[in-house]
file structure-v6.pdb (PDB, C-alpha atoms)
ATOM      1  CA  MET A   7     -29.371  -2.991 -11.931
ATOM      2  CA  LYS A   8     -27.769  -0.167  -9.978
ATOM      3  CA  LEU A   9     -24.203   0.380  -8.782
ATOM      4  CA  LEU A  10     -23.399   2.791  -5.954
ATOM      5  CA  HIS A  11     -19.891   4.183  -6.228
ATOM      6  CA  ILE A  12     -18.545   5.740  -3.027
ATOM      7  CA  GLY A  13     -15.365   7.680  -3.677
ATOM      8  CA  LYS A  14     -13.784   9.991  -6.222
ATOM      9  CA  LYS A  15     -16.423  11.015  -8.738
ATOM     10  CA  GLY A  16     -15.534   9.918 -12.248
ATOM     11  CA  ASN A  17     -13.420   6.901 -11.322
ATOM     12  CA  VAL A  18     -15.983   4.439 -12.651
ATOM     13  CA  GLU A  19     -16.134   6.181 -16.011
ATOM     14  CA  ARG A  20     -12.392   6.797 -16.094
ATOM     15  CA  TYR A  21     -11.175   3.269 -15.379
ATOM     16  CA  THR A  22     -13.954   0.990 -16.675
ATOM     17  CA  VAL A  23     -13.549  -0.811 -19.975
ATOM     18  CA  LYS A  24     -17.038  -0.597 -21.420
ATOM     19  CA  SER A  25     -19.046  -3.693 -22.265
ATOM     20  CA  ASP A  26     -22.698  -4.589 -22.734
ATOM     21  CA  PHE A  27     -22.836  -5.494 -19.052
ATOM     22  CA  THR A  28     -21.341  -2.228 -17.755
ATOM     23  CA  GLU A  29     -23.403  -0.123 -20.165
ATOM     24  CA  ASN A  30     -26.614  -1.592 -18.759
ATOM     25  CA  MET A  31     -25.676  -0.658 -15.190
ATOM     26  CA  GLU A  32     -27.044   2.555 -13.673
ATOM     27  CA  ILE A  33     -24.203   4.313 -11.844
ATOM     28  CA  ILE A  34     -24.963   6.321  -8.713
ATOM     29  CA  GLU A  35     -22.111   8.544  -7.548
ATOM     30  CA  ALA A  36     -21.583   9.463  -3.879
ATOM     31  CA  ASP A  37     -18.540  11.341  -2.662
ATOM     32  CA  GLY A  38     -16.874   9.424   0.156
ATOM     33  CA  HIS A  39     -16.959  12.530   2.370
ATOM     34  CA  LEU A  40     -20.741  12.881   2.209
ATOM     35  CA  PRO A  41     -22.702  12.317   5.435
ATOM     36  CA  GLU A  42     -23.885   8.737   5.645
ATOM     37  CA  ASP A  43     -27.567   9.683   5.528
ATOM     38  CA  GLU A  44     -27.014  11.433   2.195
ATOM     39  CA  ILE A  45     -25.261   8.370   0.773
ATOM     40  CA  ILE A  46     -28.195   6.234   1.914
ATOM     41  CA  LYS A  47     -30.638   8.667   0.350
ATOM     42  CA  VAL A  48     -29.085   8.471  -3.115
ATOM     43  CA  GLY A  49     -27.944   4.856  -3.062
ATOM     44  CA  LYS A  50     -30.416   2.848  -1.017
ATOM     45  CA  ASP A  51     -31.807   1.005  -4.061
ATOM     46  CA  ALA A  52     -28.418  -0.092  -5.419
ATOM     47  CA  ASP A  53     -27.583  -3.749  -5.974
ATOM     48  CA  TYR A  54     -23.804  -3.351  -5.714
ATOM     49  CA  ILE A  55     -21.250  -1.050  -4.102
ATOM     50  CA  ILE A  56     -17.773  -0.156  -5.285
ATOM     51  CA  ALA A  57     -16.107   1.935  -2.593
ATOM     52  CA  ASP A  58     -12.803   3.681  -2.191
ATOM     53  CA  ALA A  59     -10.707   1.671   0.250
ATOM     54  CA  MET A  60     -10.681   4.613   2.687
ATOM     55  CA  SER A  61     -14.460   5.141   2.592
ATOM     56  CA  ALA A  62     -16.769   3.736   5.253
ATOM     57  CA  VAL A  63     -19.349   1.081   4.454
ATOM     58  CA  SER A  64     -21.059   0.743   7.806
ATOM     59  CA  GLU A  65     -23.672  -1.557   9.274
ATOM     60  CA  LYS A  66     -26.232   1.236   8.974
ATOM     61  CA  LEU A  67     -25.508   1.730   5.280
ATOM     62  CA  ILE A  68     -25.533  -2.008   4.569
ATOM     63  CA  ASN A  69     -28.829  -2.559   6.370
ATOM     64  CA  SER A  70     -30.398   0.408   4.568
ATOM     65  CA  MET A  71     -29.865  -1.221   1.167
ATOM     66  CA  PRO A  72     -32.353  -4.107   0.726
ATOM     67  CA  ASN A  73     -31.103  -5.066  -2.767
ATOM     68  CA  LEU A  74     -27.402  -5.146  -1.899
ATOM     69  CA  LYS A  75     -25.557  -8.271  -3.033
ATOM     70  CA  LEU A  76     -21.872  -7.275  -3.199
ATOM     71  CA  ILE A  77     -19.530  -4.685  -1.675
ATOM     72  CA  HIS A  78     -16.277  -4.299  -3.572
ATOM     73  CA  SER A  79     -13.203  -2.323  -2.597
ATOM     74  CA  GLU A  80     -11.857  -0.094  -5.338
ATOM     75  CA  GLY A  81      -8.411  -1.185  -4.204
ATOM     76  CA  VAL A  82      -6.829  -3.654  -1.824
ATOM     77  CA  GLY A  83      -7.890  -2.227   1.559
ATOM     78  CA  TYR A  84     -11.234  -2.804   3.281
ATOM     79  CA  ASN A  85     -10.489  -1.629   6.826
ATOM     80  CA  PHE A  86     -13.574   0.594   6.974
ATOM     81  CA  PHE A  87     -16.087  -1.934   5.644
ATOM     82  CA  ASP A  88     -18.270  -3.746   8.192
ATOM     83  CA  LEU A  89     -17.516  -7.329   7.166
ATOM     84  CA  LYS A  90     -19.671  -8.881   9.851
ATOM     85  CA  ALA A  91     -22.754  -6.815   9.043
ATOM     86  CA  ALA A  92     -22.408  -7.755   5.382
ATOM     87  CA  GLY A  93     -21.937 -11.415   6.244
ATOM     88  CA  GLU A  94     -25.028 -11.477   8.427
ATOM     89  CA  ARG A  95     -27.025 -10.537   5.336
ATOM     90  CA  ASN A  96     -25.028 -12.957   3.198
ATOM     91  CA  ILE A  97     -23.531 -10.112   1.158
ATOM     92  CA  TYR A  98     -20.117 -10.719  -0.336
ATOM     93  CA  VAL A  99     -17.294  -8.281   0.399
ATOM     94  CA  CYS A 100     -14.380  -8.481  -2.036
ATOM     95  CA  ASN A 101     -11.156  -6.621  -2.706
ATOM     96  CA  CYS A 102      -8.655  -6.224  -5.520
ATOM     97  CA  LYS A 103      -5.836  -8.174  -3.911
ATOM     98  CA  GLY A 104      -2.611  -7.964  -5.868
ATOM     99  CA  ILE A 105      -3.721  -5.453  -8.501
ATOM    100  CA  ASN A 106      -1.344  -2.714  -7.330
ATOM    101  CA  ALA A 107       1.547  -4.979  -6.352
ATOM    102  CA  SER A 108       3.761  -4.141  -9.309
ATOM    103  CA  ALA A 109       3.025  -0.418  -8.982
ATOM    104  CA  VAL A 110       3.935  -0.289  -5.277
ATOM    105  CA  ALA A 111       6.999  -2.455  -5.885
ATOM    106  CA  GLU A 112       8.205   0.023  -8.506
ATOM    107  CA  GLN A 113       7.691   2.841  -6.002
ATOM    108  CA  ALA A 114       9.748   0.975  -3.393
ATOM    109  CA  VAL A 115      12.620   0.529  -5.853
ATOM    110  CA  LEU A 116      12.333   4.173  -6.926
ATOM    111  CA  LEU A 117      12.701   5.255  -3.301
ATOM    112  CA  MET A 118      15.686   2.962  -2.761
ATOM    113  CA  LEU A 119      17.439   4.444  -5.784
ATOM    114  CA  GLY A 120      16.419   7.931  -4.733
ATOM    115  CA  MET A 121      18.170   7.481  -1.402
ATOM    116  CA  LEU A 122      21.328   5.865  -2.735
ATOM    117  CA  ARG A 123      21.755   8.566  -5.390
ATOM    118  CA  ASP A 124      20.673  11.333  -2.968
ATOM    119  CA  ILE A 125      18.207  12.482  -5.597
ATOM    120  CA  LYS A 126      16.435  14.994  -3.365
ATOM    121  CA  ASN A 127      19.577  17.017  -2.671
ATOM    122  CA  CYS A 128      20.871  16.567  -6.224
ATOM    123  CA  ASP A 129      17.738  18.158  -7.634
ATOM    124  CA  THR A 130      18.029  21.086  -5.224
ATOM    125  CA  ALA A 131      21.718  21.579  -6.042
ATOM    126  CA  VAL A 132      21.090  21.905  -9.777
ATOM    127  CA  ARG A 133      18.192  24.295  -9.233
ATOM    128  CA  GLU A 134      20.416  26.457  -7.018
ATOM    129  CA  GLY A 135      23.296  26.526  -9.495
ATOM    130  CA  ARG A 136      25.565  24.293  -7.394
ATOM    131  CA  GLN A 137      25.886  21.394  -9.843
ATOM    132  CA  ILE A 138      29.678  21.254 -10.174
ATOM    133  CA  THR A 139      30.369  21.813  -6.478
ATOM    134  CA  VAL A 140      27.988  19.060  -5.432
ATOM    135  CA  LYS A 141      29.245  16.703  -8.127
ATOM    136  CA  GLU A 142      32.859  17.193  -7.035
ATOM    137  CA  ASN A 143      31.911  16.617  -3.401
ATOM    138  CA  TYR A 144      30.263  13.293  -4.296
ATOM    139  CA  MET A 145      33.393  12.257  -6.180
ATOM    140  CA  LYS A 146      35.608  13.264  -3.261
ATOM    141  CA  ASP A 147      33.483  11.641  -0.578
ATOM    142  CA  GLY A 148      32.555   8.529  -2.566
ATOM    143  CA  ASN A 149      29.115   8.457  -0.975
ATOM    144  CA  LEU A 150      26.882   7.588  -3.919
ATOM    145  CA  SER A 151      25.979   3.903  -4.079
ATOM    146  CA  GLU A 152      24.449   1.318  -6.392
ATOM    147  CA  LEU A 153      21.728  -1.096  -5.384
ATOM    148  CA  PRO A 154      23.956  -4.204  -5.636
ATOM    149  CA  ASP A 155      26.186  -2.651  -2.966
ATOM    150  CA  TYR A 156      23.483  -3.654  -0.466
ATOM    151  CA  THR A 157      21.368  -6.598   0.537
ATOM    152  CA  VAL A 158      17.662  -5.832   0.814
ATOM    153  CA  GLY A 159      15.509  -7.141   3.639
ATOM    154  CA  LEU A 160      11.773  -7.466   3.013
ATOM    155  CA  VAL A 161       9.618  -7.321   6.133
ATOM    156  CA  GLY A 162       6.536  -9.206   4.989
ATOM    157  CA  PHE A 163       6.342 -11.405   1.908
ATOM    158  CA  GLY A 164       3.003 -10.783   0.239
ATOM    159  CA  ASP A 165       2.269  -9.823  -3.349
ATOM    160  CA  ILE A 166       4.147  -6.513  -3.241
ATOM    161  CA  ALA A 167       7.244  -7.881  -1.531
ATOM    162  CA  LYS A 168       7.389 -10.704  -4.061
ATOM    163  CA  CYS A 169       7.360  -8.140  -6.876
ATOM    164  CA  VAL A 170      10.155  -6.209  -5.146
ATOM    165  CA  ALA A 171      12.184  -9.425  -4.881
ATOM    166  CA  SER A 172      11.750 -10.016  -8.610
ATOM    167  CA  LEU A 173      12.904  -6.493  -9.426
ATOM    168  CA  MET A 174      15.884  -6.854  -7.112
ATOM    169  CA  THR A 175      16.949  -9.971  -9.006
ATOM    170  CA  ALA A 176      17.052  -7.895 -12.189
ATOM    171  CA  PHE A 177      19.329  -5.414 -10.403
ATOM    172  CA  GLY A 178      21.588  -8.200  -9.169
ATOM    173  CA  VAL A 179      20.625  -7.577  -5.553
ATOM    174  CA  LYS A 180      20.458 -10.292  -2.911
ATOM    175  CA  THR A 181      17.234 -10.265  -0.878
ATOM    176  CA  TYR A 182      16.108 -11.840   2.355
ATOM    177  CA  TYR A 183      12.600 -11.804   3.760
ATOM    178  CA  TYR A 184      10.774 -12.211   7.034
ATOM    179  CA  ASP A 185       7.120 -13.176   7.348
ATOM    180  CA  ILE A 186       5.061 -14.846  10.057
ATOM    181  CA  PHE A 187       4.433 -17.620   7.537
ATOM    182  CA  ARG A 188       7.532 -18.886   5.802
ATOM    183  CA  ALA A 189       7.114 -19.536   2.073
ATOM    184  CA  ASP A 190       7.808 -22.979   0.636
ATOM    185  CA  SER A 191      11.147 -23.725  -0.982
ATOM    186  CA  GLU A 192       9.752 -23.468  -4.525
ATOM    187  CA  THR A 193       8.461 -19.948  -3.861
ATOM    188  CA  GLU A 194      11.764 -18.883  -2.322
ATOM    189  CA  LYS A 195      13.586 -20.249  -5.357
ATOM    190  CA  LYS A 196      11.178 -18.533  -7.755
ATOM    191  CA  TYR A 197      11.830 -15.143  -6.183
ATOM    192  CA  ASN A 198      15.512 -15.791  -5.498
ATOM    193  CA  THR A 199      15.220 -14.949  -1.818
ATOM    194  CA  GLU A 200      15.881 -16.542   1.561
ATOM    195  CA  TYR A 201      14.013 -16.496   4.858
ATOM    196  CA  LEU A 202      15.541 -15.005   7.998
ATOM    197  CA  PRO A 203      14.058 -14.381  11.435
ATOM    198  CA  LEU A 204      13.316 -10.672  11.837
ATOM    199  CA  ASP A 205      16.206  -9.819  14.172
ATOM    200  CA  GLU A 206      18.706 -11.543  11.888
ATOM    201  CA  LEU A 207      17.271  -9.834   8.816
ATOM    202  CA  LEU A 208      17.569  -6.383  10.427
ATOM    203  CA  GLY A 209      21.211  -6.988  11.248
ATOM    204  CA  LYS A 210      22.147  -8.485   7.897
ATOM    205  CA  CYS A 211      20.529  -6.121   5.365
ATOM    206  CA  GLY A 212      21.589  -2.594   4.513
ATOM    207  CA  ILE A 213      18.166  -1.670   3.135
ATOM    208  CA  ILE A 214      14.960  -2.622   4.937
ATOM    209  CA  SER A 215      11.620  -2.372   3.115
ATOM    210  CA  LEU A 216       8.304  -2.680   4.979
ATOM    211  CA  HIS A 217       5.505  -4.753   3.411
ATOM    212  CA  VAL A 218       3.115  -5.827   6.182
ATOM    213  CA  PRO A 219      -0.449  -4.757   7.019
ATOM    214  CA  VAL A 220      -1.245  -2.701  10.106
ATOM    215  CA  THR A 221      -2.391  -4.924  12.954
ATOM    216  CA  PRO A 222      -2.113  -4.572  16.730
ATOM    217  CA  GLU A 223       1.105  -6.611  16.432
ATOM    218  CA  THR A 224       2.674  -4.538  13.632
ATOM    219  CA  LYS A 225       1.636  -1.018  14.615
ATOM    220  CA  ASN A 226       4.817   0.971  15.363
ATOM    221  CA  MET A 227       6.893  -2.156  14.779
ATOM    222  CA  ALA A 228       9.669   0.066  13.381
ATOM    223  CA  ASN A 229      10.480   1.505  16.797
ATOM    224  CA  ASP A 230      13.665   2.194  18.776
ATOM    225  CA  ASP A 231      14.324  -1.505  19.319
ATOM    226  CA  PHE A 232      13.763  -2.237  15.620
ATOM    227  CA  PHE A 233      16.142   0.517  14.483
ATOM    228  CA  ASN A 234      18.789  -0.447  17.028
ATOM    229  CA  LYS A 235      18.925  -3.934  15.499
ATOM    230  CA  MET A 236      19.601  -2.534  12.029
ATOM    231  CA  GLN A 237      23.094  -2.006  10.627
ATOM    232  CA  ASN A 238      24.766   1.311  11.335
ATOM    233  CA  GLY A 239      24.183   3.662   8.421
ATOM    234  CA  SER A 240      21.410   1.555   6.860
ATOM    235  CA  TYR A 241      18.329   2.646   4.922
ATOM    236  CA  ILE A 242      14.617   2.117   5.448
ATOM    237  CA  VAL A 243      11.715   2.270   2.967
ATOM    238  CA  ASN A 244       8.011   2.302   3.837
ATOM    239  CA  THR A 245       5.470   1.914   1.036
ATOM    240  CA  ALA A 246       2.974  -0.004   3.191
ATOM    241  CA  ARG A 247       1.260   1.987   5.958
ATOM    242  CA  GLY A 248       2.551   4.941   7.962
ATOM    243  CA  GLU A 249       1.417   3.410  11.242
ATOM    244  CA  LEU A 250       4.042   0.689  10.921
ATOM    245  CA  LEU A 251       6.759   3.203  11.719
ATOM    246  CA  ASP A 252       7.223   5.237  14.908
ATOM    247  CA  SER A 253       8.088   8.695  13.571
ATOM    248  CA  GLU A 254       9.724   9.873  16.799
ATOM    249  CA  ALA A 255      11.899   6.757  16.876
ATOM    250  CA  LEU A 256      12.909   7.338  13.254
ATOM    251  CA  VAL A 257      14.039  10.874  14.073
ATOM    252  CA  ARG A 258      16.158   9.518  16.916
ATOM    253  CA  ALA A 259      17.686   6.891  14.623
ATOM    254  CA  LEU A 260      18.503   9.518  11.997
ATOM    255  CA  LYS A 261      20.061  11.816  14.600
ATOM    256  CA  SER A 262      22.243   9.020  15.976
ATOM    257  CA  GLY A 263      23.373   7.990  12.486
ATOM    258  CA  LYS A 264      21.973   4.492  12.939
ATOM    259  CA  ILE A 265      19.784   5.222   9.905
ATOM    260  CA  ALA A 266      21.496   6.971   6.994
ATOM    261  CA  MET A 267      18.255   7.860   5.260
ATOM    262  CA  ALA A 268      14.552   7.033   5.174
ATOM    263  CA  ALA A 269      12.211   7.008   2.175
ATOM    264  CA  LEU A 270       8.516   7.142   2.964
ATOM    265  CA  ASP A 271       5.552   6.862   0.634
ATOM    266  CA  THR A 272       3.276   6.883   3.658
ATOM    267  CA  VAL A 273       3.468   8.610   7.025
ATOM    268  CA  ALA A 274       1.496   8.110  10.244
ATOM    269  CA  GLY A 275      -1.216  10.721  10.580
ATOM    270  CA  GLU A 276      -2.297  11.189   6.980
ATOM    271  CA  PRO A 277      -3.154  13.630   5.586
ATOM    272  CA  VAL A 278       0.264  14.858   6.697
ATOM    273  CA  GLN A 279       0.243  18.295   8.296
ATOM    274  CA  LYS A 280       3.083  20.804   8.365
ATOM    275  CA  ASP A 281       3.586  20.294  12.118
ATOM    276  CA  ASN A 282       4.295  16.562  11.680
ATOM    277  CA  VAL A 283       7.505  15.700  13.519
ATOM    278  CA  LEU A 284       9.102  14.450  10.301
ATOM    279  CA  LEU A 285       8.564  17.845   8.668
ATOM    280  CA  THR A 286       9.872  20.022  11.494
ATOM    281  CA  GLN A 287      13.472  18.810  11.690
ATOM    282  CA  LYS A 288      16.650  20.786  11.083
ATOM    283  CA  PRO A 289      18.153  20.493   7.562
ATOM    284  CA  GLU A 290      20.702  17.859   8.594
ATOM    285  CA  ILE A 291      17.783  15.516   9.393
ATOM    286  CA  GLU A 292      15.204  16.867   6.936
ATOM    287  CA  ASN A 293      17.530  16.285   3.982
ATOM    288  CA  ARG A 294      17.820  12.612   4.905
ATOM    289  CA  ILE A 295      14.100  11.905   4.556
ATOM    290  CA  LEU A 296      12.704  11.362   1.074
ATOM    291  CA  PHE A 297       8.924  11.602   0.794
ATOM    292  CA  SER A 298       6.323  10.693  -1.794
ATOM    293  CA  PRO A 299       2.610  11.390  -1.180
ATOM    294  CA  HIS A 300       1.294   7.808  -0.851
ATOM    295  CA  ILE A 301       1.114   7.325  -4.618
ATOM    296  CA  GLY A 302       2.721   3.900  -4.902
ATOM    297  CA  GLY A 303      -0.442   2.021  -5.787
ATOM    298  CA  ILE A 304      -2.490   4.636  -7.640
ATOM    299  CA  THR A 305      -1.204   4.306 -11.175
ATOM    300  CA  SER A 306      -3.824   4.366 -13.911
ATOM    301  CA  SER A 307      -2.865   0.792 -14.801
ATOM    302  CA  SER A 308      -3.560  -0.480 -11.287
ATOM    303  CA  PHE A 309      -6.951   1.251 -11.208
ATOM    304  CA  LYS A 310      -7.857  -0.287 -14.567
ATOM    305  CA  ARG A 311      -6.881  -3.724 -13.283
ATOM    306  CA  GLY A 312      -8.922  -3.101 -10.138
ATOM    307  CA  TYR A 313     -12.059  -2.065 -11.975
ATOM    308  CA  ALA A 314     -11.736  -5.038 -14.318
ATOM    309  CA  ARG A 315     -11.674  -7.269 -11.218
ATOM    310  CA  ALA A 316     -14.639  -5.483  -9.638
ATOM    311  CA  TRP A 317     -16.808  -5.626 -12.762
ATOM    312  CA  ASN A 318     -15.955  -9.278 -13.266
ATOM    313  CA  ASN A 319     -17.083 -10.015  -9.710
ATOM    314  CA  ILE A 320     -20.260  -7.981 -10.109
ATOM    315  CA  GLU A 321     -21.112  -9.923 -13.250
ATOM    316  CA  LYS A 322     -20.422 -13.225 -11.487
ATOM    317  CA  VAL A 323     -22.740 -12.327  -8.601
ATOM    318  CA  SER A 324     -25.443 -11.162 -11.035
ATOM    319  CA  LYS A 325     -25.370 -14.685 -12.509
ATOM    320  CA  GLY A 326     -25.512 -16.366  -9.101
ATOM    321  CA  GLU A 327     -21.841 -17.314  -9.187
ATOM    322  CA  GLU A 328     -19.247 -16.871  -6.454
ATOM    323  CA  PRO A 329     -16.868 -13.916  -6.872
ATOM    324  CA  VAL A 330     -13.118 -14.042  -6.256
ATOM    325  CA  ASN A 331     -11.163 -12.437  -3.409
ATOM    326  CA  ILE A 332     -13.924 -12.712  -0.809
ATOM    327  CA  VAL A 333     -12.681 -11.110   2.425
ATOM    328  CA  ASN A 334     -15.676 -11.749   4.706
ATOM    329  CA  ARG A 335     -16.089 -15.477   4.096
ATOM    330  CA  LYS A 336     -16.029 -16.349   7.792
ATOM    331  CA  TYR A 337     -19.132 -14.227   8.379
ATOM    332  CA  LEU A 338     -21.187 -15.626   5.494
ATOM    333  CA  ARG A 339     -23.904 -18.209   6.048
ATOM    334  CA  SER A 340     -22.945 -21.806   5.367
ATOM    335  CA  ASP A 341     -24.679 -21.857   1.985
ATOM    336  CA  LYS A 342     -22.172 -19.289   0.692
ATOM    337  CA  LYS A 343     -18.992 -20.500   2.390
TER
END
call {"tool": "encode", "arguments": {"input": "structure-v6.pdb", "output": "structure tokens"}}
result
Amino acid sequence: MKLLHIGKKGNVERYTVKSDFTENMEIIEADGHLPEDEIIKVGKDADYIIADAMSAVSEKLINSMPNLKLIHSEGVGYNFFDLKAAGERNIYVCNCKGINASAVAEQAVLLMLGMLRDIKNCDTAVREGRQITVKENYMKDGNLSELPDYTVGLVGFGDIAKCVASLMTAFGVKTYYYDIFRADSETEKKYNTEYLPLDELLGKCGIISLHVPVTPETKNMANDDFFNKMQNGSYIVNTARGELLDSEALVRALKSGKIAMAALDTVAGEPVQKDNVLLTQKPEIENRILFSPHIGGITSSSFKRGYARAWNNIEKVSKGEEPVNIVNRKYLRSDKK
């Protein structure tokens, strides 16, 4: 049996827990940036694909692989996989739903704390020899906060948002959530949170954290209207997708003081270039944006969990069993649905 890995070379070896099954698999490596014809050339005989979530698995690639039985995302995303083409050949497409939820949730909390303790400017002050001056100014102004000083509003209530809600409970923070599908009362009780319509949530919570996928309905949802409905001097965190947030609108909200600070693990237009509007602001705006380079979900632990899921699914399919986390079920023939 052969496995085609499309993505960062070495990930399979790095994150796989070896077993008799994995040791008997021939691994074919293909960098995700290779031209498609080159990927086909090296991997056309493979039985399975594990692909980086940002790599393309197109109709042409799928139809060039006669032995293909399963396409598996290395992570949660599968936006660039042709689900329909796979389904037409009765090939499963699966993802690693939930495996990075705790990692991204930790990143969201880190960014919240980073804003409330002004960690970016604190680090700079110490490096520049201004420790005492800055410390005294914080004491005089009283502008450092603790998480329980705020309510947190979760926009979206999937796996990651649920983990954030759990962490907030440990901090003694009250959370509210909005989702197009309201959770049942037992789930709300479990995560110690309450549902609010979006407009009410924006007006009630001092910290807003985005946790929805990018769809035509959610793209640029954090726009001028969204920010105007938030509390004056509130905070926003985005660990989901950059395209959820209108960067120009965020700059306007920061300039007006509507938003005190923003913390972004992801920015529209990745890879982010130096001329991005969020990187070209004057210091009074620049110092109120805290960035991290889209690392929320890429801990070694989350990759290990993901590869364990992928190998388990590959083994299931090799035995004629149905894998878990099928994302193209609606395109599969009736005998596999």
call {"tool": "atom_distance", "arguments": {"input": "structure-v6.pdb", "atom1": "CA of Arg335 in chain A", "atom2": "CA of Asp53 in chain A"}}
result
19.3 Å
call {"tool": "axis_aligned_box", "arguments": {"input": "structure-v6.pdb", "around": "range 156-159 of chain A", "padding_each_side": "3 Å", "output": "JSON"}}
result
{"center_x": 19.5, "center_y": -5.4, "center_z": 1.6, "size_x": 14.0, "size_y": 9.5, "size_z": 10.1}
call {"tool": "residues_around", "arguments": {"input": "structure-v6.pdb", "residues": "Leu122 in chain A", "least_positions_apart": "2", "cutoff": "10 Å", "atoms": "only C-alpha atoms", "output": "list in words"}}
result
Leu117, Met118, Leu119, Gly120, Asp124, Ile125, Asn149, Leu150, Ser151, Glu152, Leu153, Asp155, Tyr241, Ala266 and Met267 of chain A
call {"tool": "closest_residue", "arguments": {"input": "structure-v6.pdb", "among": "A:Ala316, A:Ala167, A:Leu250, A:Val283", "to": "Pro222 in chain A", "atoms": "only C-alpha atoms"}}
result
A:Leu250
call {"tool": "residues_around", "arguments": {"input": "structure-v6.pdb", "residues": "Ile186 in chain A", "least_positions_apart": "2", "cutoff": "9 Å", "atoms": "all atoms listed in the file", "output": "ChimeraX atom specification"}}
result
/A:162-163,184,188
call {"tool": "atom_distance", "arguments": {"input": "structure-v6.pdb", "atom1": "CA of Ser306 in chain A", "atom2": "CA of Met60 in chain A"}}
result
18.0 Å
call {"tool": "resolve_selection", "arguments": {"input": "structure-v6.pdb", "expression": "the PyMOL selection byres ((chain A and resi 317-326) around 12)", "output": "PDB file with C-alpha atoms, keeping the file's coordinate frame"}}
result
ATOM      1  CA  MET A   7     -29.371  -2.991 -11.931  1.00  0.00           C
ATOM      2  CA  LYS A   8     -27.769  -0.167  -9.978  1.00  0.00           C
ATOM      3  CA  LEU A   9     -24.203   0.380  -8.782  1.00  0.00           C
ATOM      4  CA  LEU A  10     -23.399   2.791  -5.954  1.00  0.00           C
ATOM      5  CA  VAL A  18     -15.983   4.439 -12.651  1.00  0.00           C
ATOM      6  CA  TYR A  21     -11.175   3.269 -15.379  1.00  0.00           C
ATOM      7  CA  THR A  22     -13.954   0.990 -16.675  1.00  0.00           C
ATOM      8  CA  VAL A  23     -13.549  -0.811 -19.975  1.00  0.00           C
ATOM      9  CA  LYS A  24     -17.038  -0.597 -21.420  1.00  0.00           C
ATOM     10  CA  SER A  25     -19.046  -3.693 -22.265  1.00  0.00           C
ATOM     11  CA  ASP A  26     -22.698  -4.589 -22.734  1.00  0.00           C
ATOM     12  CA  PHE A  27     -22.836  -5.494 -19.052  1.00  0.00           C
ATOM     13  CA  THR A  28     -21.341  -2.228 -17.755  1.00  0.00           C
ATOM     14  CA  GLU A  29     -23.403  -0.123 -20.165  1.00  0.00           C
ATOM     15  CA  ASN A  30     -26.614  -1.592 -18.759  1.00  0.00           C
ATOM     16  CA  MET A  31     -25.676  -0.658 -15.190  1.00  0.00           C
ATOM     17  CA  ASP A  53     -27.583  -3.749  -5.974  1.00  0.00           C
ATOM     18  CA  TYR A  54     -23.804  -3.351  -5.714  1.00  0.00           C
ATOM     19  CA  ILE A  55     -21.250  -1.050  -4.102  1.00  0.00           C
ATOM     20  CA  ILE A  56     -17.773  -0.156  -5.285  1.00  0.00           C
ATOM     21  CA  ASN A  73     -31.103  -5.066  -2.767  1.00  0.00           C
ATOM     22  CA  LEU A  74     -27.402  -5.146  -1.899  1.00  0.00           C
ATOM     23  CA  LYS A  75     -25.557  -8.271  -3.033  1.00  0.00           C
ATOM     24  CA  LEU A  76     -21.872  -7.275  -3.199  1.00  0.00           C
ATOM     25  CA  ILE A  77     -19.530  -4.685  -1.675  1.00  0.00           C
ATOM     26  CA  HIS A  78     -16.277  -4.299  -3.572  1.00  0.00           C
ATOM     27  CA  SER A  79     -13.203  -2.323  -2.597  1.00  0.00           C
ATOM     28  CA  GLU A  80     -11.857  -0.094  -5.338  1.00  0.00           C
ATOM     29  CA  ILE A  97     -23.531 -10.112   1.158  1.00  0.00           C
ATOM     30  CA  TYR A  98     -20.117 -10.719  -0.336  1.00  0.00           C
ATOM     31  CA  VAL A  99     -17.294  -8.281   0.399  1.00  0.00           C
ATOM     32  CA  CYS A 100     -14.380  -8.481  -2.036  1.00  0.00           C
ATOM     33  CA  ASN A 101     -11.156  -6.621  -2.706  1.00  0.00           C
ATOM     34  CA  CYS A 102      -8.655  -6.224  -5.520  1.00  0.00           C
ATOM     35  CA  LYS A 310      -7.857  -0.287 -14.567  1.00  0.00           C
ATOM     36  CA  ARG A 311      -6.881  -3.724 -13.283  1.00  0.00           C
ATOM     37  CA  GLY A 312      -8.922  -3.101 -10.138  1.00  0.00           C
ATOM     38  CA  TYR A 313     -12.059  -2.065 -11.975  1.00  0.00           C
ATOM     39  CA  ALA A 314     -11.736  -5.038 -14.318  1.00  0.00           C
ATOM     40  CA  ARG A 315     -11.674  -7.269 -11.218  1.00  0.00           C
ATOM     41  CA  ALA A 316     -14.639  -5.483  -9.638  1.00  0.00           C
ATOM     42  CA  GLU A 327     -21.841 -17.314  -9.187  1.00  0.00           C
ATOM     43  CA  GLU A 328     -19.247 -16.871  -6.454  1.00  0.00           C
ATOM     44  CA  PRO A 329     -16.868 -13.916  -6.872  1.00  0.00           C
ATOM     45  CA  VAL A 330     -13.118 -14.042  -6.256  1.00  0.00           C
ATOM     46  CA  ASN A 331     -11.163 -12.437  -3.409  1.00  0.00           C
ATOM     47  CA  ILE A 332     -13.924 -12.712  -0.809  1.00  0.00           C
ATOM     48  CA  LYS A 342     -22.172 -19.289   0.692  1.00  0.00           C
TER      49      LYS A 342
END
call {"tool": "atom_distance", "arguments": {"input": "structure-v6.pdb", "atom1": "CA of Gly209 in chain A", "atom2": "CA of Ser298 in chain A"}}
result
26.5 Å
call {"tool": "residues_around", "arguments": {"input": "structure-v6.pdb", "residues": "Arg247 in chain A", "least_positions_apart": "5", "cutoff": "10 Å", "atoms": "all atoms listed in the file", "output": "ChimeraX atom specification"}}
result
/A:216-220,225,270-274,276,300
